[in-house]
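First up is the structure itself, then whatever we jot down about it.
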Number of protein chains: 2
Amino acid sequence: MSLIVQKFGGTSVADADRIRNVARIITETYRKGHSVVAVLSAQGDTTDDLIEKAQEINPSASKREMDMLLATGEQISISLCAMAIERMGYQAVSLTGWQAGMLTDSSYSSARIKRIRTERIQKELDKKKIVLVAGFQGINKYDDITTLGRGGSDTSAVALAAALHADLCQIYTDVDGVYTADPRHVTGARKLDEITFDEMLELASLGAQVLHNRSVEMAKRYNVNMEVLSSFSGKPGTKVKEVVKTMEKIHVSGVAKDKNVARLALVGLADQPGIAFKIFSLLAKKDINVDIILQSIGRDESKDISFTVARDDAQTAKAILEELKESIGFKSIQVDDHVAKVSIVGAGMAHNAGVASKMFEALYSAGINIQMISTSEIKVSVLVDERDADRAVQAIHDRFFSEFGNA
Amino acid sequence: MSLIVQKFGGTSVADADRIRNVARIITETYRKGHSVVAVLSAQGDTTDDLIEKAQEINPSASKREMDMLLATGEQISISLCAMAIERMGYQAVSLTGWQAGMLTDSSYSSARIKRIRTERIQKELDKKKIVLVAGFQGINKYDDITTLGRGGSDTSAVALAAALHADLCQIYTDVDGVYTADPRHVTGARKLDEITFDEMLELASLGAQVLHNRSVEMAKRYNVNMEVLSSFSGKPGTKVKEVVKTMEKIHVSGVAKDKNVARLALVGLADQPGIAFKIFSLLAKKDINVDIILQSIGRDESKDISFTVARDDAQTAKAILEELKESIGFKSIQVDDHVAKVSIVGAGMAHNAGVASKMFEALYSAGINIQMISTSEIKVSVLVDERDADRAVQAIHDRFFSEFGNA
């Protein structure tokens with residue numbers, strides 16, 4: 001008998017029928033002899049509706065009160081789901097964040113889990129009960145309710161799995177698992193049976209919105225076996241683990257596209273040491289993350305620096321740098337927000353020199369111009385014109401995932 | 001500086017505008033230099049909507065899970081109201097039942113408050129914060145959420161006022177206060193400035209739905225000064241206290257009508273000792289409350305017993321007695337559910353012999369037949385035909401509350 005933590009997102013519990021469906025999945029797992037702790041999100045649009053109510057009353061409400069308000073959403077889900085399970089003849093008990101012992105710091109609206117007091121959950125599991133825990137929420141040292149922010153329920157689930165030493169943490173969502181590319185846009189995209197934490201982290205940060213990075217990072221840290229699967233299809237999903245065992249070494253796990261990117265170019269910089277440091281520390285201070293950086297080789301005592309930021313940050317970054325034009329010393333600044341980042345991710349990549357060149361070749365064959373390149377141990381990213389992005393993903397995907405198997 | 005507990009019901013916080021209105025009342029009280037603890041109910045139809053959601057999933061859901069679900073309603077109200085108060089530039093903090101230390105027994109859906117740990121509230125008051133407490137809810141010894149059942153938020157407010165030794169407990173509602181009769185039906189009904197706990201208890205149980213008896217009983221026990229007033233009108237309300245000081249002794253405080261009543265008559269009972277005991281202990285065992293009882297004087301070795309019960313209980317009571325027709329020994333049983341109880345209530349009544357006869361005279365003048373009579377220290381009730389009820393109330397009210405003042 002093993003202990004399984006299952007997490008169900010907002011769309012999975014959106015209405016009475018879907019709650020019954022979730023109750024079915026949970027009780028089927030329980031019937032197989034497993035102990036089950038299920039973590040639920042708020043139903044469908046509940047959180048948005050509550051935010052709207054708050055906005056109407058106070059657009060700048062304190063985060064403490066926002067957390068107090070929003071935490072009701074998950075509480076509604078867990079009690080309704082417990083009722084559905086009772087109706088099926090099983091014993092269930094719903095627990096809010098504080099009842100489940102989810103202790104967090106005091107950063108309201110983006111709290112971090114510090115520790116989980118598992119006594120209560122353990123006691124209920126010992127009584128053979130199915131335990132339903134409100135995701136996304138916890139309690140701080142003042143006994144005040146906190147919420148975990150974006151991706152919070154995934155994080156609740158992984159943290160519980162780690163604290164309870166669960167054998168598996170299943171993240172039920174509205175997709176079948178992790179794909180080699182976005183199946184809505186790329187022909188031939190196929191579901192992966194397994195993927196490593198590191199690959200998943202790169203894919204998530206590259207815009208494959210299946211799992212929130214925060215939960216994957218935690219799963220990696222505590223070595224929690226995860227599985228991403230659909231609450232609707234009933235098919236096996238994608239396992240996310242530390243090391244993936246497959247018959248053949250897979251070099252590339254997936255191709256991802258990220259349109260939330262803009263390129264800034266500083267032209268005519270003085271070729272002095274410390275200039276790059278000056279620019280990027282300035283941006284970091286204003287919480288602007290810089291991704292790919294390209295620095296031209298200095299000529300005529302001047303050089304250019306190009307870099308990418310999130311598209312929302314582009315104008316702010318430009319303004320910050322404009323203001324310090326004198327002190328930094330550059331001729332002009334250009335912003336291009338019609339670019340996209342296309343990346344391949346794969347744990348086997350570092351040991352296979354041909355991967356990057358294969359990617360470039362695919363783009364060349366498709367007549368797509370590469371603006372910037374960035375590589376890491378398990379990733380190769382290129383910046384292309386936004387209009388070429390979908391074609392680029394398809395071309396790369398075709399090249400690596402032909403019907404004769406993985407590269 | 002005094003401490004005031006204010007309670008606002010569901011209609012008072014039904015939408016954003018009304019929440020702002022409540023925030024205004026609270027902050028005005030605070031601005032006058034008082035400490036304020038406000039107890040809120042769930043918004044308008046929230047509780048009914050949540051019950052409907054539960055019904056759809058499980059019509060016989062466990063009470064523990066129902067309490068978990070319903071408690072979210074008040075949590076939403078208090079956080080939104082805190083935001084409204086913050087918006088007005090004051091510091092507020094919302095507390096759920098468990099955060100406010102409302103310890104109850106474990107009777108889910110109808111829990112009784114056992115004790116209040118006031119430390120947290122006191123700490124927030126010391127910081128000069130306005131404290132908003134979720135009404136209707138508490139926590140039991142298992143750390144599970146409980147709700148207090150009907151009239152729960154009034155009870156929360158009075159219990160808090162008692163525990164905090166508040167100077168006043170104001171119950172804000174949608175009526176101006178306690179009236180001498182229902183102002184929607186009786187011409188000349190006027191608002192009372194003051195009323196005693198006992199009178200209020202009689203009026204509440206007689207159908208003047210202003211305050212729930214449970215809260216008044218608690219206020220009487222702990223001698224909490226209450227005031228019933230409107231959250232909309234801004235006028236002074238009715239003070240409810242142990243002893244009322246008025247220039248002249250008021251003999252009658254109000255006239256009330258109760259249509260939730262039915263009369264049962266057992267005809268041809270054997271005139272034996274113990275028969276009445278047998279009947280009423282039988283009904284008590286089945287949780288049927290009997291109100292007025294009238295026993296005819298025995299003749300021909302047989303007698304009749306008439307009594308009233310709540311209208312909903314009439315058929316059950318009939319069935320119970322029918323089943324034991326043999327063992328009790330009676331000829332027939334009659335049920336009349338077209339009756340109504342009309343009562344006058346007044347603390348001064350016991351010392352004023354003329355009150356009851358004045359009431360009967362008013363009914364006689366209006367040509368209304370009295371079916372049964374019941375009297376207590378502070379009350380005279382009569383049973384009349386349902387069709388006569390409104391006329392009876394008006395006639396009695398006219399007689400006692402003429403424009404020349406109280407009787």
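All residue names refer to the structure tokens as shown: chains lettered A, B, ... in order, residues numbered from 1 in each chain, ligands numbered from 1 in order.
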Please, which residues of chain A lie no more than 6 Å from chain B when the count uses only C-alpha atoms, and can they be set out as an mmCIF file with N, CA, C and O atoms, in the first residue's frame?
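Saved file part_20.cif follows:
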data_model
loop_
_atom_site.group_PDB
_atom_site.id
_atom_site.type_symbol
_atom_site.label_atom_id
_atom_site.label_comp_id
_atom_site.auth_asym_id
_atom_site.auth_seq_id
_atom_site.Cartn_x
_atom_site.Cartn_y
_atom_site.Cartn_z
ATOM 1 N N ILE A 57 -14.636 47.169 -4.113
ATOM 2 C CA ILE A 57 -14.656 47.808 -2.796
ATOM 3 C C ILE A 57 -13.374 48.566 -2.501
ATOM 4 O O ILE A 57 -13.393 49.654 -1.950
ATOM 5 N N ASN A 58 -12.250 47.983 -2.893
ATOM 6 C CA ASN A 58 -10.974 48.623 -2.614
ATOM 7 C C ASN A 58 -9.905 48.112 -3.577
ATOM 8 O O ASN A 58 -9.371 47.028 -3.395
ATOM 9 N N ALA A 61 -6.608 46.952 -1.828
ATOM 10 C CA ALA A 61 -6.850 46.255 -0.556
ATOM 11 C C ALA A 61 -5.558 45.655 -0.034
ATOM 12 O O ALA A 61 -4.668 45.289 -0.804
ATOM 13 N N GLU A 65 -5.941 40.933 3.793
ATOM 14 C CA GLU A 65 -7.390 40.755 3.621
ATOM 15 C C GLU A 65 -7.705 40.045 2.305
ATOM 16 O O GLU A 65 -8.665 39.285 2.226
ATOM 17 N N LEU A 69 -9.847 36.612 1.924
ATOM 18 C CA LEU A 69 -10.964 36.478 0.985
ATOM 19 C C LEU A 69 -10.758 35.287 0.053
ATOM 20 O O LEU A 69 -11.625 34.417 -0.084
ATOM 21 N N THR A 72 -11.216 31.377 0.775
ATOM 22 C CA THR A 72 -12.535 30.733 0.839
ATOM 23 C C THR A 72 -12.775 29.854 -0.392
ATOM 24 O O THR A 72 -13.500 28.866 -0.301
ATOM 25 N N ILE A 76 -14.343 26.002 -0.234
ATOM 26 C CA ILE A 76 -15.600 25.564 -0.865
ATOM 27 C C ILE A 76 -15.357 24.278 -1.657
ATOM 28 O O ILE A 76 -16.109 23.309 -1.541
ATOM 29 N N SER A 79 -14.830 21.082 0.677
ATOM 30 C CA SER A 79 -16.014 20.597 1.388
ATOM 31 C C SER A 79 -16.984 19.955 0.400
ATOM 32 O O SER A 79 -17.550 18.895 0.681
ATOM 33 N N MET A 83 -18.198 15.985 0.287
ATOM 34 C CA MET A 83 -19.603 15.558 0.221
ATOM 35 C C MET A 83 -19.821 14.560 -0.919
ATOM 36 O O MET A 83 -20.560 13.584 -0.775
ATOM 37 N N ALA A 84 -19.185 14.819 -2.051
ATOM 38 C CA ALA A 84 -19.313 13.914 -3.200
ATOM 39 C C ALA A 84 -18.749 12.535 -2.857
ATOM 40 O O ALA A 84 -19.309 11.502 -3.230
ATOM 41 N N ARG A 87 -21.028 10.703 -0.525
ATOM 42 C CA ARG A 87 -22.164 10.210 -1.307
ATOM 43 C C ARG A 87 -21.839 8.867 -1.963
ATOM 44 O O ARG A 87 -22.712 8.042 -2.183
#
Residues within 9 Å of Lys341 of chain B, only C-alpha atoms, excluding chain neighbours under 3 positions, as a PyMOL selection string: chain B and resi 206+256-261+381-386+389
Save out the residues we just selected, N, CA, C and O atoms, as a PDB file, in the first residue's frame.
ATOM      1  N   LEU B 206     -43.034  34.932  20.140  1.00  0.00           N
ATOM      2  CA  LEU B 206     -44.393  35.132  19.636  1.00  0.00           C
ATOM      3  C   LEU B 206     -44.391  35.562  18.181  1.00  0.00           C
ATOM      4  O   LEU B 206     -45.415  35.928  17.636  1.00  0.00           O
ATOM      5  N   ALA B 256     -48.210  40.981  19.655  1.00  0.00           N
ATOM      6  CA  ALA B 256     -47.601  40.140  18.622  1.00  0.00           C
ATOM      7  C   ALA B 256     -48.584  39.086  18.139  1.00  0.00           C
ATOM      8  O   ALA B 256     -49.522  38.702  18.847  1.00  0.00           O
ATOM      9  N   LYS B 257     -48.349  38.633  16.925  1.00  0.00           N
ATOM     10  CA  LYS B 257     -49.220  37.652  16.294  1.00  0.00           C
ATOM     11  C   LYS B 257     -48.354  36.473  15.869  1.00  0.00           C
ATOM     12  O   LYS B 257     -47.234  36.670  15.387  1.00  0.00           O
ATOM     13  N   ASP B 258     -48.838  35.282  16.045  1.00  0.00           N
ATOM     14  CA  ASP B 258     -48.089  34.104  15.629  1.00  0.00           C
ATOM     15  C   ASP B 258     -49.026  33.168  14.881  1.00  0.00           C
ATOM     16  O   ASP B 258     -49.964  32.634  15.456  1.00  0.00           O
ATOM     17  N   LYS B 259     -48.776  33.002  13.593  1.00  0.00           N
ATOM     18  CA  LYS B 259     -49.651  32.135  12.798  1.00  0.00           C
ATOM     19  C   LYS B 259     -49.130  30.709  12.727  1.00  0.00           C
ATOM     20  O   LYS B 259     -49.794  29.825  12.201  1.00  0.00           O
ATOM     21  N   ASN B 260     -47.910  30.514  13.215  1.00  0.00           N
ATOM     22  CA  ASN B 260     -47.334  29.170  13.161  1.00  0.00           C
ATOM     23  C   ASN B 260     -47.853  28.331  14.324  1.00  0.00           C
ATOM     24  O   ASN B 260     -47.116  27.912  15.206  1.00  0.00           O
ATOM     25  N   VAL B 261     -49.151  28.073  14.307  1.00  0.00           N
ATOM     26  CA  VAL B 261     -49.768  27.387  15.433  1.00  0.00           C
ATOM     27  C   VAL B 261     -50.959  26.573  14.935  1.00  0.00           C
ATOM     28  O   VAL B 261     -51.599  26.931  13.935  1.00  0.00           O
ATOM     29  N   SER B 381     -51.822  35.517  26.193  1.00  0.00           N
ATOM     30  CA  SER B 381     -52.032  35.051  24.828  1.00  0.00           C
ATOM     31  C   SER B 381     -53.452  34.541  24.660  1.00  0.00           C
ATOM     32  O   SER B 381     -53.993  33.915  25.574  1.00  0.00           O
ATOM     33  N   VAL B 382     -54.001  34.792  23.501  1.00  0.00           N
ATOM     34  CA  VAL B 382     -55.299  34.202  23.177  1.00  0.00           C
ATOM     35  C   VAL B 382     -55.200  33.522  21.816  1.00  0.00           C
ATOM     36  O   VAL B 382     -54.417  33.936  20.954  1.00  0.00           O
ATOM     37  N   LEU B 383     -55.985  32.458  21.670  1.00  0.00           N
ATOM     38  CA  LEU B 383     -56.055  31.784  20.380  1.00  0.00           C
ATOM     39  C   LEU B 383     -57.334  32.232  19.693  1.00  0.00           C
ATOM     40  O   LEU B 383     -58.421  32.198  20.290  1.00  0.00           O
ATOM     41  N   VAL B 384     -57.179  32.696  18.447  1.00  0.00           N
ATOM     42  CA  VAL B 384     -58.363  33.155  17.695  1.00  0.00           C
ATOM     43  C   VAL B 384     -58.343  32.512  16.309  1.00  0.00           C
ATOM     44  O   VAL B 384     -57.342  31.907  15.902  1.00  0.00           O
ATOM     45  N   ASP B 385     -59.425  32.665  15.595  1.00  0.00           N
ATOM     46  CA  ASP B 385     -59.489  32.202  14.216  1.00  0.00           C
ATOM     47  C   ASP B 385     -58.440  32.974  13.402  1.00  0.00           C
ATOM     48  O   ASP B 385     -58.300  34.191  13.580  1.00  0.00           O
ATOM     49  N   GLU B 386     -57.742  32.248  12.538  1.00  0.00           N
ATOM     50  CA  GLU B 386     -56.676  32.878  11.755  1.00  0.00           C
ATOM     51  C   GLU B 386     -57.158  34.133  11.013  1.00  0.00           C
ATOM     52  O   GLU B 386     -56.444  35.126  10.911  1.00  0.00           O
ATOM     53  N   ALA B 389     -57.027  37.314  13.053  1.00  0.00           N
ATOM     54  CA  ALA B 389     -55.773  37.647  13.741  1.00  0.00           C
ATOM     55  C   ALA B 389     -55.361  39.110  13.557  1.00  0.00           C
ATOM     56  O   ALA B 389     -55.076  39.808  14.544  1.00  0.00           O
TER      57      ALA B 389
END
Quick one: everything within 9 Å of Glu322 of chain B, counting only C-alpha atoms, minus sequence neighbours fewer than 5 positions away in the same chain. Send it as a PyMOL selection string. chain B and resi 317+332-333
Only N, CA, C and O atoms, please: the residues just picked out, written as an mmCIF file, in the first residue's frame.
data_model
loop_
_atom_site.group_PDB
_atom_site.id
_atom_site.type_symbol
_atom_site.label_atom_id
_atom_site.label_comp_id
_atom_site.auth_asym_id
_atom_site.auth_seq_id
_atom_site.Cartn_x
_atom_site.Cartn_y
_atom_site.Cartn_z
ATOM 1 N N ALA B 317 -48.046 15.080 15.475
ATOM 2 C CA ALA B 317 -48.634 14.918 16.805
ATOM 3 C C ALA B 317 -49.900 14.076 16.712
ATOM 4 O O ALA B 317 -50.134 13.162 17.521
ATOM 5 N N SER B 332 -62.044 10.705 19.883
ATOM 6 C CA SER B 332 -61.607 11.235 18.585
ATOM 7 C C SER B 332 -60.576 12.337 18.778
ATOM 8 O O SER B 332 -60.384 12.863 19.881
ATOM 9 N N ILE B 333 -59.912 12.657 17.690
ATOM 10 C CA ILE B 333 -58.899 13.710 17.746
ATOM 11 C C ILE B 333 -59.188 14.690 16.618
ATOM 12 O O ILE B 333 -59.475 14.291 15.488
#
I want to know what sits within 12 Å of Ser402 of chain B, based on only C-alpha atoms, with residues of the same chain fewer than 4 positions away left out; could you give that as a VMD selection string? chain B and resid 180 187 to 190 394 to 398 406 to 407
Prev. selection, all heavy atoms, output as a PDB file, in the first residue's frame:
ATOM      1  N   THR B 180     -44.318  48.214  18.986  1.00  0.00           N
ATOM      2  CA  THR B 180     -45.433  47.758  19.821  1.00  0.00           C
ATOM      3  C   THR B 180     -46.259  46.705  19.083  1.00  0.00           C
ATOM      4  O   THR B 180     -46.985  45.938  19.703  1.00  0.00           O
ATOM      5  CB  THR B 180     -46.341  48.941  20.200  1.00  0.00           C
ATOM      6  OG1 THR B 180     -46.686  49.654  19.006  1.00  0.00           O
ATOM      7  CG2 THR B 180     -45.632  49.883  21.169  1.00  0.00           C
ATOM      8  N   THR B 187     -51.748  49.724  12.145  1.00  0.00           N
ATOM      9  CA  THR B 187     -51.727  51.185  12.120  1.00  0.00           C
ATOM     10  C   THR B 187     -51.403  51.698  13.517  1.00  0.00           C
ATOM     11  O   THR B 187     -51.936  51.195  14.497  1.00  0.00           O
ATOM     12  CB  THR B 187     -53.115  51.739  11.718  1.00  0.00           C
ATOM     13  OG1 THR B 187     -53.691  50.862  10.759  1.00  0.00           O
ATOM     14  CG2 THR B 187     -52.998  53.133  11.159  1.00  0.00           C
ATOM     15  N   GLY B 188     -50.542  52.703  13.560  1.00  0.00           N
ATOM     16  CA  GLY B 188     -50.239  53.302  14.864  1.00  0.00           C
ATOM     17  C   GLY B 188     -49.164  52.564  15.646  1.00  0.00           C
ATOM     18  O   GLY B 188     -48.848  52.952  16.773  1.00  0.00           O
ATOM     19  N   ALA B 189     -48.601  51.477  15.059  1.00  0.00           N
ATOM     20  CA  ALA B 189     -47.527  50.757  15.758  1.00  0.00           C
ATOM     21  C   ALA B 189     -46.374  51.726  15.971  1.00  0.00           C
ATOM     22  O   ALA B 189     -45.997  52.455  15.059  1.00  0.00           O
ATOM     23  CB  ALA B 189     -47.065  49.563  14.927  1.00  0.00           C
ATOM     24  N   ARG B 190     -45.792  51.733  17.155  1.00  0.00           N
ATOM     25  CA  ARG B 190     -44.682  52.666  17.335  1.00  0.00           C
ATOM     26  C   ARG B 190     -43.465  51.996  17.964  1.00  0.00           C
ATOM     27  O   ARG B 190     -43.572  50.984  18.648  1.00  0.00           O
ATOM     28  CB  ARG B 190     -45.130  53.893  18.113  1.00  0.00           C
ATOM     29  CG  ARG B 190     -45.717  53.649  19.451  1.00  0.00           C
ATOM     30  CD  ARG B 190     -45.775  54.997  20.188  1.00  0.00           C
ATOM     31  NE  ARG B 190     -45.638  54.751  21.588  1.00  0.00           N
ATOM     32  CZ  ARG B 190     -46.641  54.840  22.466  1.00  0.00           C
ATOM     33  NH1 ARG B 190     -47.824  55.214  22.058  1.00  0.00           N
ATOM     34  NH2 ARG B 190     -46.446  54.567  23.738  1.00  0.00           N
ATOM     35  N   GLN B 394     -54.833  44.689  15.751  1.00  0.00           N
ATOM     36  CA  GLN B 394     -55.123  46.123  15.621  1.00  0.00           C
ATOM     37  C   GLN B 394     -56.026  46.613  16.754  1.00  0.00           C
ATOM     38  O   GLN B 394     -55.771  47.671  17.351  1.00  0.00           O
ATOM     39  CB  GLN B 394     -55.789  46.385  14.254  1.00  0.00           C
ATOM     40  CG  GLN B 394     -55.971  47.866  13.924  1.00  0.00           C
ATOM     41  CD  GLN B 394     -54.632  48.571  13.690  1.00  0.00           C
ATOM     42  OE1 GLN B 394     -53.873  48.207  12.804  1.00  0.00           O
ATOM     43  NE2 GLN B 394     -54.329  49.576  14.515  1.00  0.00           N
ATOM     44  N   ALA B 395     -57.060  45.834  17.071  1.00  0.00           N
ATOM     45  CA  ALA B 395     -58.004  46.237  18.118  1.00  0.00           C
ATOM     46  C   ALA B 395     -57.298  46.343  19.468  1.00  0.00           C
ATOM     47  O   ALA B 395     -57.481  47.322  20.211  1.00  0.00           O
ATOM     48  CB  ALA B 395     -59.153  45.229  18.195  1.00  0.00           C
ATOM     49  N   ILE B 396     -56.471  45.350  19.768  1.00  0.00           N
ATOM     50  CA  ILE B 396     -55.744  45.366  21.044  1.00  0.00           C
ATOM     51  C   ILE B 396     -54.759  46.532  21.071  1.00  0.00           C
ATOM     52  O   ILE B 396     -54.653  47.259  22.056  1.00  0.00           O
ATOM     53  CB  ILE B 396     -55.004  44.024  21.275  1.00  0.00           C
ATOM     54  CG1 ILE B 396     -56.008  42.879  21.391  1.00  0.00           C
ATOM     55  CG2 ILE B 396     -54.140  44.094  22.527  1.00  0.00           C
ATOM     56  CD1 ILE B 396     -55.402  41.490  21.251  1.00  0.00           C
ATOM     57  N   HIS B 397     -54.037  46.689  19.947  1.00  0.00           N
ATOM     58  CA  HIS B 397     -53.055  47.767  19.870  1.00  0.00           C
ATOM     59  C   HIS B 397     -53.722  49.132  20.065  1.00  0.00           C
ATOM     60  O   HIS B 397     -53.230  49.992  20.811  1.00  0.00           O
ATOM     61  CB  HIS B 397     -52.316  47.716  18.531  1.00  0.00           C
ATOM     62  CG  HIS B 397     -51.084  48.570  18.483  1.00  0.00           C
ATOM     63  ND1 HIS B 397     -51.102  49.873  18.073  1.00  0.00           N
ATOM     64  CD2 HIS B 397     -49.790  48.303  18.828  1.00  0.00           C
ATOM     65  CE1 HIS B 397     -49.880  50.372  18.151  1.00  0.00           C
ATOM     66  NE2 HIS B 397     -49.068  49.445  18.609  1.00  0.00           N
ATOM     67  N   ASP B 398     -54.877  49.329  19.400  1.00  0.00           N
ATOM     68  CA  ASP B 398     -55.609  50.588  19.537  1.00  0.00           C
ATOM     69  C   ASP B 398     -55.973  50.835  21.001  1.00  0.00           C
ATOM     70  O   ASP B 398     -55.855  51.951  21.501  1.00  0.00           O
ATOM     71  CB  ASP B 398     -56.906  50.544  18.706  1.00  0.00           C
ATOM     72  CG  ASP B 398     -56.627  50.673  17.211  1.00  0.00           C
ATOM     73  OD1 ASP B 398     -55.482  51.025  16.850  1.00  0.00           O
ATOM     74  OD2 ASP B 398     -57.538  50.383  16.410  1.00  0.00           O
ATOM     75  N   ASN B 406     -49.543  55.150  26.698  1.00  0.00           N
ATOM     76  CA  ASN B 406     -49.628  53.747  27.071  1.00  0.00           C
ATOM     77  C   ASN B 406     -50.613  53.519  28.203  1.00  0.00           C
ATOM     78  O   ASN B 406     -50.845  54.390  29.012  1.00  0.00           O
ATOM     79  CB  ASN B 406     -48.225  53.321  27.524  1.00  0.00           C
ATOM     80  CG  ASN B 406     -48.074  51.834  27.508  1.00  0.00           C
ATOM     81  OD1 ASN B 406     -48.472  51.187  28.451  1.00  0.00           O
ATOM     82  ND2 ASN B 406     -47.519  51.304  26.432  1.00  0.00           N
ATOM     83  N   ALA B 407     -51.203  52.338  28.254  1.00  0.00           N
ATOM     84  CA  ALA B 407     -52.203  52.014  29.278  1.00  0.00           C
ATOM     85  C   ALA B 407     -51.627  52.125  30.682  1.00  0.00           C
ATOM     86  O   ALA B 407     -50.543  51.656  30.935  1.00  0.00           O
ATOM     87  CB  ALA B 407     -52.703  50.596  29.052  1.00  0.00           C
TER      88      ALA B 407
END
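By only C-alpha atoms, and with residues fewer than 4 positions from segment 23-38 of chain B along its chain excluded, the set lying at most 8 Å from it is Met1, Ser2, Leu3, Ile4, Val5, Gln6, Lys7, Phe8, Ile19, Cys81, Ala82, Ala84, Ile85, Tyr90, Leu125, Lys128, Ile130, Val131, Leu132, Val133, Ala157 and Ser231 of chain B.
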Counting only C-alpha atoms, the option among B:Pro183, B:Gly329, B:Gly44, B:Gly177 closest to Met200 of chain B: B:Gly177
List every residue of segment 172-381 of chain B that DSSP, applied to the backbone, labels as alpha helix (DSSP H), and write the result as an NGL selection string. :B and (197-205 or 213-221 or 275-285 or 314-323 or 325-328 or 354-365)
Point-to-point distance in Å for atom CA of Phe280 of chain A and atom CA of Phe307 of chain A: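 That distance, rounded to one decimal, is 9.8 Å.
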Å distance separating atom CA of Val290 of chain B from atom CA of Arg214 of chain B, one decimal place: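 For atom CA of Val290 of chain B relative to atom CA of Arg214 of chain B, the distance reads 19.1 Å.
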Neighbouring residues of Asn289 of chain A were defined as those with any atom within 10 Å, considering only C-alpha atoms; residues of the same chain fewer than 5 positions away were excluded. Please report them as a list in words.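 Close residues of Asn289 of chain A: Phe280, Leu283, Ala284, Thr308, Val309, Ala310, Asp313 and Ala317 of chain A.
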Go ahead and save the picked residues with all heavy atoms, as a compact mmCIF listing (two decimals), in the first residue's frame.
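Written file, out08.txt:
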# COMPACT_ATOMS: atom_id res chain seq x y z
N PHE A 280 23.38 45.77 -16.40
CA PHE A 280 22.53 44.67 -15.93
C PHE A 280 22.27 44.72 -14.43
O PHE A 280 21.23 44.26 -13.96
CB PHE A 280 23.11 43.32 -16.39
CG PHE A 280 23.11 43.22 -17.89
CD1 PHE A 280 24.29 43.09 -18.61
CD2 PHE A 280 21.90 43.29 -18.59
CE1 PHE A 280 24.28 43.03 -20.00
CE2 PHE A 280 21.90 43.23 -19.97
CZ PHE A 280 23.09 43.10 -20.68
N LEU A 283 19.29 47.08 -14.12
CA LEU A 283 18.01 46.43 -14.45
C LEU A 283 17.59 45.45 -13.35
O LEU A 283 16.41 45.35 -13.01
CB LEU A 283 18.11 45.71 -15.80
CG LEU A 283 18.31 46.64 -17.01
CD1 LEU A 283 18.56 45.82 -18.27
CD2 LEU A 283 17.10 47.55 -17.21
N ALA A 284 18.56 44.74 -12.80
CA ALA A 284 18.26 43.77 -11.74
C ALA A 284 17.66 44.48 -10.53
O ALA A 284 16.73 43.99 -9.90
CB ALA A 284 19.53 43.01 -11.34
N THR A 308 17.51 40.25 -24.16
CA THR A 308 16.05 40.09 -24.17
C THR A 308 15.50 40.20 -22.76
O THR A 308 16.16 39.84 -21.79
CB THR A 308 15.63 38.71 -24.74
OG1 THR A 308 16.19 37.69 -23.93
CG2 THR A 308 16.11 38.54 -26.17
N VAL A 309 14.28 40.72 -22.67
CA VAL A 309 13.54 40.80 -21.40
C VAL A 309 12.10 40.36 -21.68
O VAL A 309 11.72 40.20 -22.83
CB VAL A 309 13.53 42.24 -20.83
CG1 VAL A 309 14.94 42.70 -20.49
CG2 VAL A 309 12.85 43.20 -21.81
N ALA A 310 11.33 40.17 -20.62
CA ALA A 310 9.90 39.87 -20.79
C ALA A 310 9.26 41.06 -21.49
O ALA A 310 9.65 42.20 -21.26
CB ALA A 310 9.23 39.62 -19.45
N ASP A 313 8.22 44.17 -19.68
CA ASP A 313 9.28 44.97 -19.06
C ASP A 313 10.04 45.83 -20.06
O ASP A 313 10.85 46.68 -19.66
CB ASP A 313 10.30 44.05 -18.36
CG ASP A 313 9.71 43.40 -17.11
OD1 ASP A 313 8.75 43.97 -16.57
OD2 ASP A 313 10.23 42.34 -16.71
N ALA A 317 12.41 49.01 -19.11
CA ALA A 317 13.86 48.83 -19.25
C ALA A 317 14.43 49.94 -20.13
O ALA A 317 15.47 50.54 -19.80
CB ALA A 317 14.16 47.46 -19.85
Could you list, as an NGL selection string, every residue within 6 Å of segment 149-152 of chain B, counting only C-alpha atoms and ignoring same-chain residues fewer than 6 positions away? :B and (109-110 or 136 or 212)
As a PyMOL selection string, list the residues of segment 287-367 of chain B assigned to strand (DSSP E) by DSSP on the backbone atoms of this structure. chain B and resi 290-295+302-309+332-336+339-345
